[in-house]
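work.txt follows (compact mmCIF, C-alpha atoms (C1' of nucleotides)):
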# COMPACT_ATOMS: atom_id res chain seq x y z
CA MET A 495 -16.36 -5.19 -37.53
CA LYS A 496 -16.10 -7.64 -40.40
CA ILE A 497 -19.33 -9.19 -41.71
CA ALA A 498 -19.14 -11.92 -44.36
CA THR A 499 -21.46 -14.09 -46.44
CA TYR A 500 -20.44 -17.54 -47.69
CA ASN A 501 -22.44 -20.09 -49.66
CA VAL A 502 -20.76 -23.29 -48.46
CA ASN A 503 -22.57 -25.70 -50.81
CA GLY A 504 -22.96 -28.42 -48.19
CA ILE A 505 -21.88 -27.78 -44.57
CA LYS A 506 -20.81 -31.38 -43.93
CA THR A 507 -18.45 -31.52 -46.88
CA ARG A 508 -17.25 -27.95 -46.38
CA LEU A 509 -16.66 -27.86 -42.62
CA PRO A 510 -12.85 -28.02 -42.93
CA HIS A 511 -12.92 -25.12 -45.40
CA LEU A 512 -15.23 -23.12 -43.15
CA LEU A 513 -12.99 -23.64 -40.12
CA ARG A 514 -9.81 -22.72 -42.00
CA TRP A 515 -11.49 -19.58 -43.29
CA LEU A 516 -12.83 -18.54 -39.86
CA GLU A 517 -9.41 -19.11 -38.34
CA ARG A 518 -7.55 -17.12 -40.98
CA GLU A 519 -9.96 -14.23 -41.66
CA GLN A 520 -11.65 -13.95 -38.26
CA PRO A 521 -14.96 -12.46 -39.42
CA ASP A 522 -17.03 -11.12 -36.53
CA ILE A 523 -20.24 -12.25 -38.22
CA ALA A 524 -20.61 -14.92 -40.91
CA CYS A 525 -23.80 -15.66 -42.82
CA LEU A 526 -23.87 -19.12 -44.41
CA GLN A 527 -26.09 -20.51 -47.15
CA GLU A 528 -26.76 -23.91 -48.70
CA LEU A 529 -26.15 -25.96 -45.58
CA LYS A 530 -27.88 -28.89 -47.31
CA ALA A 531 -28.39 -30.52 -43.95
CA LEU A 532 -31.07 -31.04 -41.32
CA ASP A 533 -30.94 -28.98 -38.13
CA GLU A 534 -29.36 -31.89 -36.26
CA GLY A 535 -26.66 -32.16 -38.91
CA PHE A 536 -25.30 -28.68 -38.22
CA PRO A 537 -21.75 -29.01 -36.76
CA ILE A 538 -22.33 -26.64 -33.85
CA ASP A 539 -19.67 -28.24 -31.64
CA ALA A 540 -16.86 -27.61 -34.13
CA ILE A 541 -18.12 -24.07 -34.71
CA ARG A 542 -18.26 -23.37 -30.96
CA ALA A 543 -14.75 -24.73 -30.61
CA ALA A 544 -13.67 -22.19 -33.23
CA GLY A 545 -14.99 -19.41 -31.01
CA TYR A 546 -18.37 -18.77 -32.64
CA GLN A 547 -21.95 -18.96 -31.50
CA ALA A 548 -24.63 -19.56 -34.08
CA ILE A 549 -28.27 -19.85 -35.04
CA TRP A 550 -29.26 -21.96 -38.01
CA LYS A 551 -32.20 -23.23 -40.01
CA GLY A 552 -31.65 -26.49 -41.83
CA GLN A 553 -33.53 -28.56 -44.36
CA ARG A 554 -32.96 -32.02 -45.83
CA SER A 555 -30.76 -32.01 -48.93
CA TRP A 556 -31.29 -28.39 -49.97
CA ASN A 557 -31.13 -24.77 -48.85
CA GLY A 558 -30.38 -24.04 -45.19
CA VAL A 559 -28.94 -20.84 -43.66
CA ALA A 560 -26.97 -19.88 -40.56
CA ILE A 561 -25.65 -16.80 -38.76
CA LEU A 562 -22.38 -17.13 -36.84
CA ALA A 563 -20.99 -14.55 -34.43
CA ARG A 564 -17.58 -14.51 -32.81
CA GLY A 565 -17.67 -14.05 -29.08
CA SER A 566 -21.33 -13.11 -28.87
CA GLU A 567 -24.68 -14.74 -29.32
CA PRO A 568 -26.88 -13.92 -32.33
CA LEU A 569 -30.31 -12.99 -30.99
CA GLU A 570 -32.83 -14.44 -33.40
CA ILE A 571 -35.44 -12.00 -34.75
CA ARG A 572 -37.13 -14.15 -37.41
CA ARG A 573 -36.70 -17.49 -39.17
CA THR A 574 -38.88 -16.82 -42.21
CA LEU A 575 -39.30 -14.10 -44.78
CA PRO A 576 -42.79 -12.63 -44.23
CA GLY A 577 -45.45 -12.88 -46.90
CA ASP A 578 -46.09 -16.59 -47.49
CA ASP A 579 -46.89 -18.93 -44.60
CA ALA A 580 -46.92 -21.90 -47.00
CA ASP A 581 -43.25 -21.38 -47.97
CA GLU A 582 -41.30 -24.15 -46.19
CA GLN A 583 -37.89 -23.65 -47.79
CA SER A 584 -35.10 -22.65 -45.38
CA ARG A 585 -33.83 -19.49 -47.02
CA TYR A 586 -34.00 -16.72 -44.43
CA LEU A 587 -32.69 -15.87 -40.96
CA GLU A 588 -32.58 -12.59 -39.12
CA ALA A 589 -30.70 -11.78 -35.92
CA ALA A 590 -29.38 -8.92 -33.82
CA VAL A 591 -25.64 -9.09 -33.23
CA ASP A 592 -23.71 -6.41 -31.34
CA GLY A 593 -26.22 -3.70 -32.25
CA VAL A 594 -26.46 -4.64 -35.93
CA MET A 595 -29.50 -6.30 -37.47
CA VAL A 596 -28.21 -9.08 -39.70
CA CYS A 597 -30.43 -10.58 -42.42
CA CYS A 598 -29.08 -13.75 -44.04
CA LEU A 599 -30.75 -14.90 -47.25
CA TYR A 600 -30.52 -17.54 -49.93
CA LEU A 601 -32.65 -16.27 -52.79
CA PRO A 602 -34.07 -18.96 -55.10
CA ASN A 603 -32.03 -19.82 -58.18
CA GLY A 604 -35.04 -19.73 -60.49
CA ASN A 605 -33.85 -22.05 -63.26
CA PRO A 606 -35.13 -23.19 -65.57
CA GLN A 607 -36.95 -20.13 -66.78
CA PRO A 608 -39.65 -19.58 -67.67
CA GLY A 609 -41.44 -21.94 -65.31
CA PRO A 610 -42.67 -22.44 -61.75
CA LYS A 611 -39.20 -22.14 -60.25
CA PHE A 612 -38.70 -18.76 -61.87
CA ASP A 613 -42.15 -17.67 -60.67
CA TYR A 614 -41.15 -18.72 -57.14
CA LYS A 615 -37.95 -16.71 -57.42
CA LEU A 616 -39.77 -13.55 -58.45
CA ALA A 617 -42.44 -14.03 -55.78
CA TRP A 618 -39.73 -14.51 -53.14
CA PHE A 619 -38.00 -11.37 -54.40
CA GLU A 620 -41.26 -9.39 -54.08
CA ARG A 621 -41.55 -10.53 -50.46
CA LEU A 622 -37.95 -9.45 -49.86
CA ILE A 623 -38.59 -6.01 -51.38
CA THR A 624 -41.68 -5.59 -49.18
CA HIS A 625 -39.78 -6.61 -46.05
CA ALA A 626 -36.69 -4.53 -46.90
CA ARG A 627 -38.92 -1.46 -47.19
CA THR A 628 -39.51 -1.71 -43.44
CA LEU A 629 -35.75 -1.84 -42.75
CA ILE A 630 -34.15 0.75 -45.01
CA ASP A 631 -35.14 3.69 -42.81
CA ALA A 632 -34.82 1.87 -39.49
CA ASP A 633 -33.10 3.87 -36.77
CA HIS A 634 -30.70 0.98 -36.24
CA PRO A 635 -28.04 -0.40 -38.60
CA VAL A 636 -29.20 -3.20 -40.92
CA ILE A 637 -27.32 -5.44 -43.35
CA ILE A 638 -29.05 -7.82 -45.77
CA CYS A 639 -26.48 -10.22 -47.12
CA GLY A 640 -26.33 -13.58 -48.80
CA ASP A 641 -26.56 -15.42 -52.08
CA TYR A 642 -29.01 -13.31 -54.10
CA ASN A 643 -28.71 -15.42 -57.25
CA VAL A 644 -28.71 -12.15 -59.19
CA VAL A 645 -26.04 -10.93 -61.61
CA PRO A 646 -26.89 -7.21 -61.30
CA THR A 647 -25.38 -6.03 -64.61
CA ASP A 648 -23.43 -7.39 -67.57
CA PHE A 649 -20.33 -6.04 -65.83
CA ASP A 650 -20.85 -8.65 -63.10
CA ILE A 651 -20.24 -11.71 -65.32
CA TYR A 652 -17.21 -12.78 -67.32
CA ASN A 653 -19.27 -13.03 -70.50
CA PRO A 654 -22.88 -11.81 -70.58
CA ARG A 655 -23.66 -13.93 -73.65
CA SER A 656 -22.81 -17.17 -71.85
CA GLY A 657 -25.81 -16.94 -69.53
CA LYS A 658 -28.30 -15.00 -71.58
CA ARG A 659 -31.15 -17.37 -70.78
CA ASP A 660 -30.13 -17.97 -67.19
CA ALA A 661 -32.57 -16.94 -64.46
CA LEU A 662 -29.75 -15.03 -62.76
CA LEU A 663 -29.50 -12.52 -65.61
CA GLN A 664 -33.10 -12.09 -66.71
CA PRO A 665 -34.47 -8.53 -67.00
CA GLN A 666 -37.20 -9.34 -64.43
CA THR A 667 -34.56 -10.57 -61.96
CA ARG A 668 -32.40 -7.51 -62.46
CA ALA A 669 -35.40 -5.20 -62.23
CA CYS A 670 -36.21 -6.65 -58.79
CA TYR A 671 -32.64 -6.06 -57.61
CA GLN A 672 -32.70 -2.48 -58.92
CA ARG A 673 -36.02 -1.83 -57.17
CA LEU A 674 -34.46 -3.10 -53.94
CA LEU A 675 -31.43 -0.81 -54.35
CA GLY A 676 -33.83 2.00 -55.27
CA GLN A 677 -35.12 1.98 -51.71
CA GLY A 678 -31.72 3.34 -50.70
CA TRP A 679 -29.64 0.23 -49.99
CA ILE A 680 -25.89 0.39 -50.67
CA ASP A 681 -24.37 -2.54 -52.61
CA ALA A 682 -21.12 -2.47 -50.61
CA ILE A 683 -18.82 -4.23 -53.09
CA ARG A 684 -19.91 -2.19 -56.09
CA HIS A 685 -20.03 1.04 -54.08
CA LEU A 686 -16.36 0.78 -53.12
CA HIS A 687 -15.16 -0.84 -56.37
CA PRO A 688 -17.18 0.74 -59.19
CA GLU A 689 -14.62 0.09 -61.95
CA GLU A 690 -13.35 -3.37 -61.03
CA PRO A 691 -14.71 -6.71 -62.22
CA ILE A 692 -15.42 -8.64 -59.02
CA TYR A 693 -16.78 -12.19 -58.87
CA THR A 694 -18.00 -14.28 -55.95
CA PHE A 695 -18.93 -17.51 -57.79
CA TRP A 696 -17.14 -19.68 -60.33
CA ASP A 697 -18.91 -22.84 -61.49
CA TYR A 698 -17.23 -26.23 -61.47
CA PHE A 699 -17.35 -26.60 -65.24
CA ARG A 700 -14.75 -26.01 -67.90
CA GLN A 701 -12.07 -24.69 -65.53
CA HIS A 702 -14.01 -21.53 -64.91
CA TRP A 703 -12.09 -20.86 -61.70
CA GLU A 704 -8.74 -21.30 -63.40
CA HIS A 705 -9.81 -18.83 -66.11
CA ASN A 706 -11.52 -16.45 -63.67
CA SER A 707 -14.81 -16.90 -65.50
CA GLY A 708 -17.04 -15.88 -62.63
CA LEU A 709 -20.24 -14.19 -61.56
CA ARG A 710 -20.98 -11.64 -58.84
CA ILE A 711 -24.08 -12.99 -57.11
CA ASP A 712 -23.29 -12.75 -53.38
CA HIS A 713 -24.13 -9.29 -52.11
CA LEU A 714 -24.04 -7.24 -48.90
CA LEU A 715 -26.57 -4.42 -48.74
CA LEU A 716 -26.36 -1.69 -46.08
CA ASN A 717 -29.19 0.52 -44.89
CA ARG A 718 -28.88 4.29 -44.32
CA GLN A 719 -27.75 3.88 -40.72
CA LEU A 720 -25.00 1.42 -41.55
CA ALA A 721 -23.71 2.82 -44.85
CA PRO A 722 -21.58 5.63 -43.29
CA ALA A 723 -19.61 2.98 -41.38
CA LEU A 724 -18.45 1.18 -44.55
CA GLN A 725 -14.63 1.03 -44.74
CA ARG A 726 -13.65 -1.84 -47.01
CA ALA A 727 -15.25 -4.67 -48.98
CA GLY A 728 -13.83 -7.68 -50.77
CA VAL A 729 -13.84 -11.36 -51.65
CA ASP A 730 -11.69 -14.03 -49.95
CA ARG A 731 -10.74 -15.64 -53.25
CA TRP A 732 -8.16 -17.96 -51.70
CA VAL A 733 -11.01 -20.03 -50.26
CA ARG A 734 -12.29 -20.79 -53.78
CA GLY A 735 -8.83 -21.97 -54.77
CA GLU A 736 -8.69 -24.65 -52.07
CA GLU A 737 -9.01 -28.34 -52.82
CA LYS A 738 -12.68 -29.43 -52.95
CA ALA A 739 -13.87 -25.85 -52.46
CA SER A 740 -17.42 -24.53 -52.65
CA ASP A 741 -18.21 -22.86 -55.96
CA HIS A 742 -18.70 -19.60 -54.02
CA ALA A 743 -16.07 -17.52 -52.19
CA PRO A 744 -16.70 -15.65 -48.92
CA THR A 745 -17.61 -12.01 -49.56
CA TRP A 746 -17.27 -9.38 -46.82
CA VAL A 747 -17.46 -5.83 -45.58
CA GLU A 748 -15.45 -4.07 -42.91
CA LEU A 749 -17.37 -1.52 -40.85
CA ASP A 750 -16.20 1.15 -38.44
CA VAL A 751 -18.75 0.48 -35.73
CA SER A 752 -17.50 3.39 -33.64
CA ARG A 753 -19.31 5.58 -36.18
CA LEU A 754 -22.63 3.88 -35.67
CA GLY A 755 -23.61 6.11 -32.77
CA GLU A 756 -22.91 9.28 -34.76
CA ALA A 757 -25.57 8.75 -37.39
CA GLY A 758 -29.29 9.12 -36.90
CA PRO A 759 -31.74 11.98 -36.44
CA ALA A 760 -30.36 13.11 -33.08
CA ALA A 761 -26.82 13.46 -34.37
CA SER A 762 -27.74 15.08 -37.68
CA ALA A 763 -30.04 17.55 -35.91
CA SER A 764 -27.38 18.71 -33.48
CA PRO A 765 -25.33 21.85 -34.26
CA PRO A 766 -21.71 21.51 -35.51
C1' DA B 1189 -29.15 -26.58 -77.59
C1' DT B 1190 -26.35 -29.38 -74.55
C1' DG B 1191 -23.16 -30.41 -71.16
C1' DG B 1192 -19.47 -29.79 -68.50
C1' DC B 1193 -19.03 -30.81 -62.28
C1' DA B 1194 -20.55 -31.20 -57.52
C1' DT B 1195 -23.73 -32.27 -53.60
C1' DA B 1196 -27.35 -34.83 -51.32
C1' DT B 1197 -30.37 -38.84 -50.81
C1' DC B 1198 -35.00 -43.55 -50.43
C1' DC B 1199 -27.40 -44.06 -53.55
C1' DT B 1200 -25.09 -48.42 -59.87
C1' DA B 1201 -30.07 -43.30 -60.19
C1' DT B 1202 -32.18 -38.82 -59.69
C1' DA B 1203 -33.00 -33.89 -58.30
C1' DT B 1204 -30.86 -29.57 -57.78
C1' DG B 1205 -27.75 -26.07 -58.49
C1' DA B 1206 -26.17 -21.37 -61.40
Written as structure tokens, how would this file's structure read?
Amino acid sequence: MKIATYNVNGIKTRLPHLLRWLEREQPDIACLQELKALDEGFPIDAIRAAGYQAIWKGQRSWNGVAILARGSEPLEIRRTLPGDDADEQSRYLEAAVDGVMVCCLYLPNGNPQPGPKFDYKLAWFERLITHARTLIDADHPVIICGDYNVVPTDFDIYNPRSGKRDALLQPQTRACYQRLLGQGWIDAIRHLHPEEPIYTFWDYFRQHWEHNSGLRIDHLLLNRQLAPALQRAGVDRWVRGEEKASDHAPTWVELDVSRLGEAGPAASASPP
DNA sequence: ATGGCATATCCTATATGA
């Protein structure tokens, strides 16, 4: 099973890219961020024609998330991150797909910092940490993936000095991410590629894509049940190289779902 | 310190992104 996350930066503009990518890479599940469209603007017909069913949560101009599944229907679990009923930004979706609980998120950018936007980012992160605590030890497999807007370490950016004041690299931001991982989540890309610089985002400025001046900010986190199934992880860089591409590239994991039944208390308690 | 570019909208101007 291949699960991917892709910040499309505008679903209307990026639909051709999305369809080419789905056709070529055939992810079983795709989490999308930054739809930048109202619910009624989501191109569900084209996505169905490509063989996917979907749930989505739009918003005018900004944010917006979706979960696509090939050949099966995502069963929606929640449409908001718990902890703040007044939060109206479309940044979170949660669904069950083929026995896996899929959490799709678009964590706030937080710039400029300091300021109210950075405060909102940290508050959102605290809500995520609280919610993730209830999922890490679940007896079912869980993946929390999306655009975290966090550069976890200086190794995850082409030049740490270039974004020293950026909200994505602040100590408070990184501390939140480390506290999340500290619950026991596996950062799939870094787990399988500990020595390799890997980026998922290259901004549109100064030919950063051409020079591979990128950031790793799209992450896929696996809970204890799902982690043993992890086989491969990577970035579909070719999508970023397309004409009029999003500034993010799809980032994915490949899981051996036949192993999912083996884990858990019952299996570990049984004799060899 | 700023801006480079891209997207969306109440579109020859502004807000947001990372």
Identify every residue of chain B that has at least one atom within 12 Å of any atom of chain A, counting only C-alpha atoms (C1' of nucleotides), and report the result as a PyMOL selection string. chain B and resi 1189+1191-1197+1203-1206
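For the atom pair formed by atom CA of Asp613 of chain A and atom CA of Cys670 of chain A, the distance is 12.7 Å, given to one decimal.
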If you measure from atom CA of Arg518 of chain A to atom CA of Gln547 of chain A, what distance in Å do you get, rounded to one decimal? 17.3 Å
As an exercise, work out the distance from atom CA of Gln520 of chain A to atom CA of Gly545 of chain A in Å and give it to one decimal place.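 Between these atoms lies a distance of 9.7 Å.
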Using all atoms listed in the file, list the residues that have an atom at most 12 Å from (-33.6, -34.2, -35.1), coordinates as in the file, as a ChimeraX atom specification. /A:531-536,552-554
Find the residues near Pro602 of chain A: any atom within 9 Å, counting all atoms listed in the file, skip ones fewer than 4 places away on the same chain, and give them as a list in words.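 In the requested form, the answer reads Arg585, Lys611, Phe612, Tyr614, Lys615, Leu616, Trp618, Phe619, Asp641, Tyr642 and Asn643 of chain A.
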Residues within 8 Å of (-34.1, -14.2, -34.1), counting all atoms listed in the file, listed as a count of residues only: 10
Contacts of Ala543 of chain A at 12 Å (all atoms listed in the file; same-chain gap of 5+ positions) as number ranges by chain: A: 513, 516-517, 537-538, 548, 564-565
If I only have part of segment 503-517 of chain A, can you fill in N, CA and C atoms and write it as a compact mmCIF listing (two decimals), in the frame of the given file?
# COMPACT_ATOMS: atom_id res chain seq x y z
N ASN A 503 -22.21 -24.57 -49.96
CA ASN A 503 -22.57 -25.70 -50.81
C ASN A 503 -22.35 -27.03 -50.08
N GLY A 504 -23.05 -27.17 -48.96
CA GLY A 504 -22.96 -28.42 -48.19
C GLY A 504 -22.07 -28.25 -46.96
N ILE A 505 -22.67 -28.07 -45.78
CA ILE A 505 -21.88 -27.78 -44.57
C ILE A 505 -21.07 -28.99 -44.13
N LYS A 506 -21.55 -30.20 -44.37
CA LYS A 506 -20.81 -31.38 -43.93
C LYS A 506 -19.50 -31.52 -44.71
N THR A 507 -19.63 -31.40 -46.03
CA THR A 507 -18.45 -31.52 -46.88
C THR A 507 -17.49 -30.33 -46.68
N ARG A 508 -18.06 -29.17 -46.38
CA ARG A 508 -17.25 -27.95 -46.38
C ARG A 508 -16.76 -27.51 -45.01
N LEU A 509 -17.05 -28.28 -43.97
CA LEU A 509 -16.66 -27.86 -42.62
C LEU A 509 -15.17 -27.54 -42.50
N PRO A 510 -14.28 -28.35 -43.05
CA PRO A 510 -12.85 -28.02 -42.93
C PRO A 510 -12.51 -26.67 -43.59
N HIS A 511 -13.15 -26.40 -44.73
CA HIS A 511 -12.92 -25.12 -45.40
C HIS A 511 -13.43 -23.96 -44.54
N LEU A 512 -14.63 -24.16 -43.99
CA LEU A 512 -15.23 -23.12 -43.15
C LEU A 512 -14.32 -22.80 -41.96
N LEU A 513 -13.82 -23.85 -41.32
CA LEU A 513 -12.99 -23.64 -40.12
C LEU A 513 -11.67 -22.97 -40.46
N ARG A 514 -11.06 -23.38 -41.58
CA ARG A 514 -9.81 -22.72 -42.00
C ARG A 514 -10.05 -21.25 -42.29
N TRP A 515 -11.17 -20.97 -42.95
CA TRP A 515 -11.49 -19.58 -43.29
C TRP A 515 -11.76 -18.73 -42.03
N LEU A 516 -12.55 -19.27 -41.10
CA LEU A 516 -12.83 -18.54 -39.86
C LEU A 516 -11.54 -18.25 -39.10
N GLU A 517 -10.67 -19.25 -39.06
CA GLU A 517 -9.41 -19.11 -38.34
C GLU A 517 -8.54 -18.02 -38.97
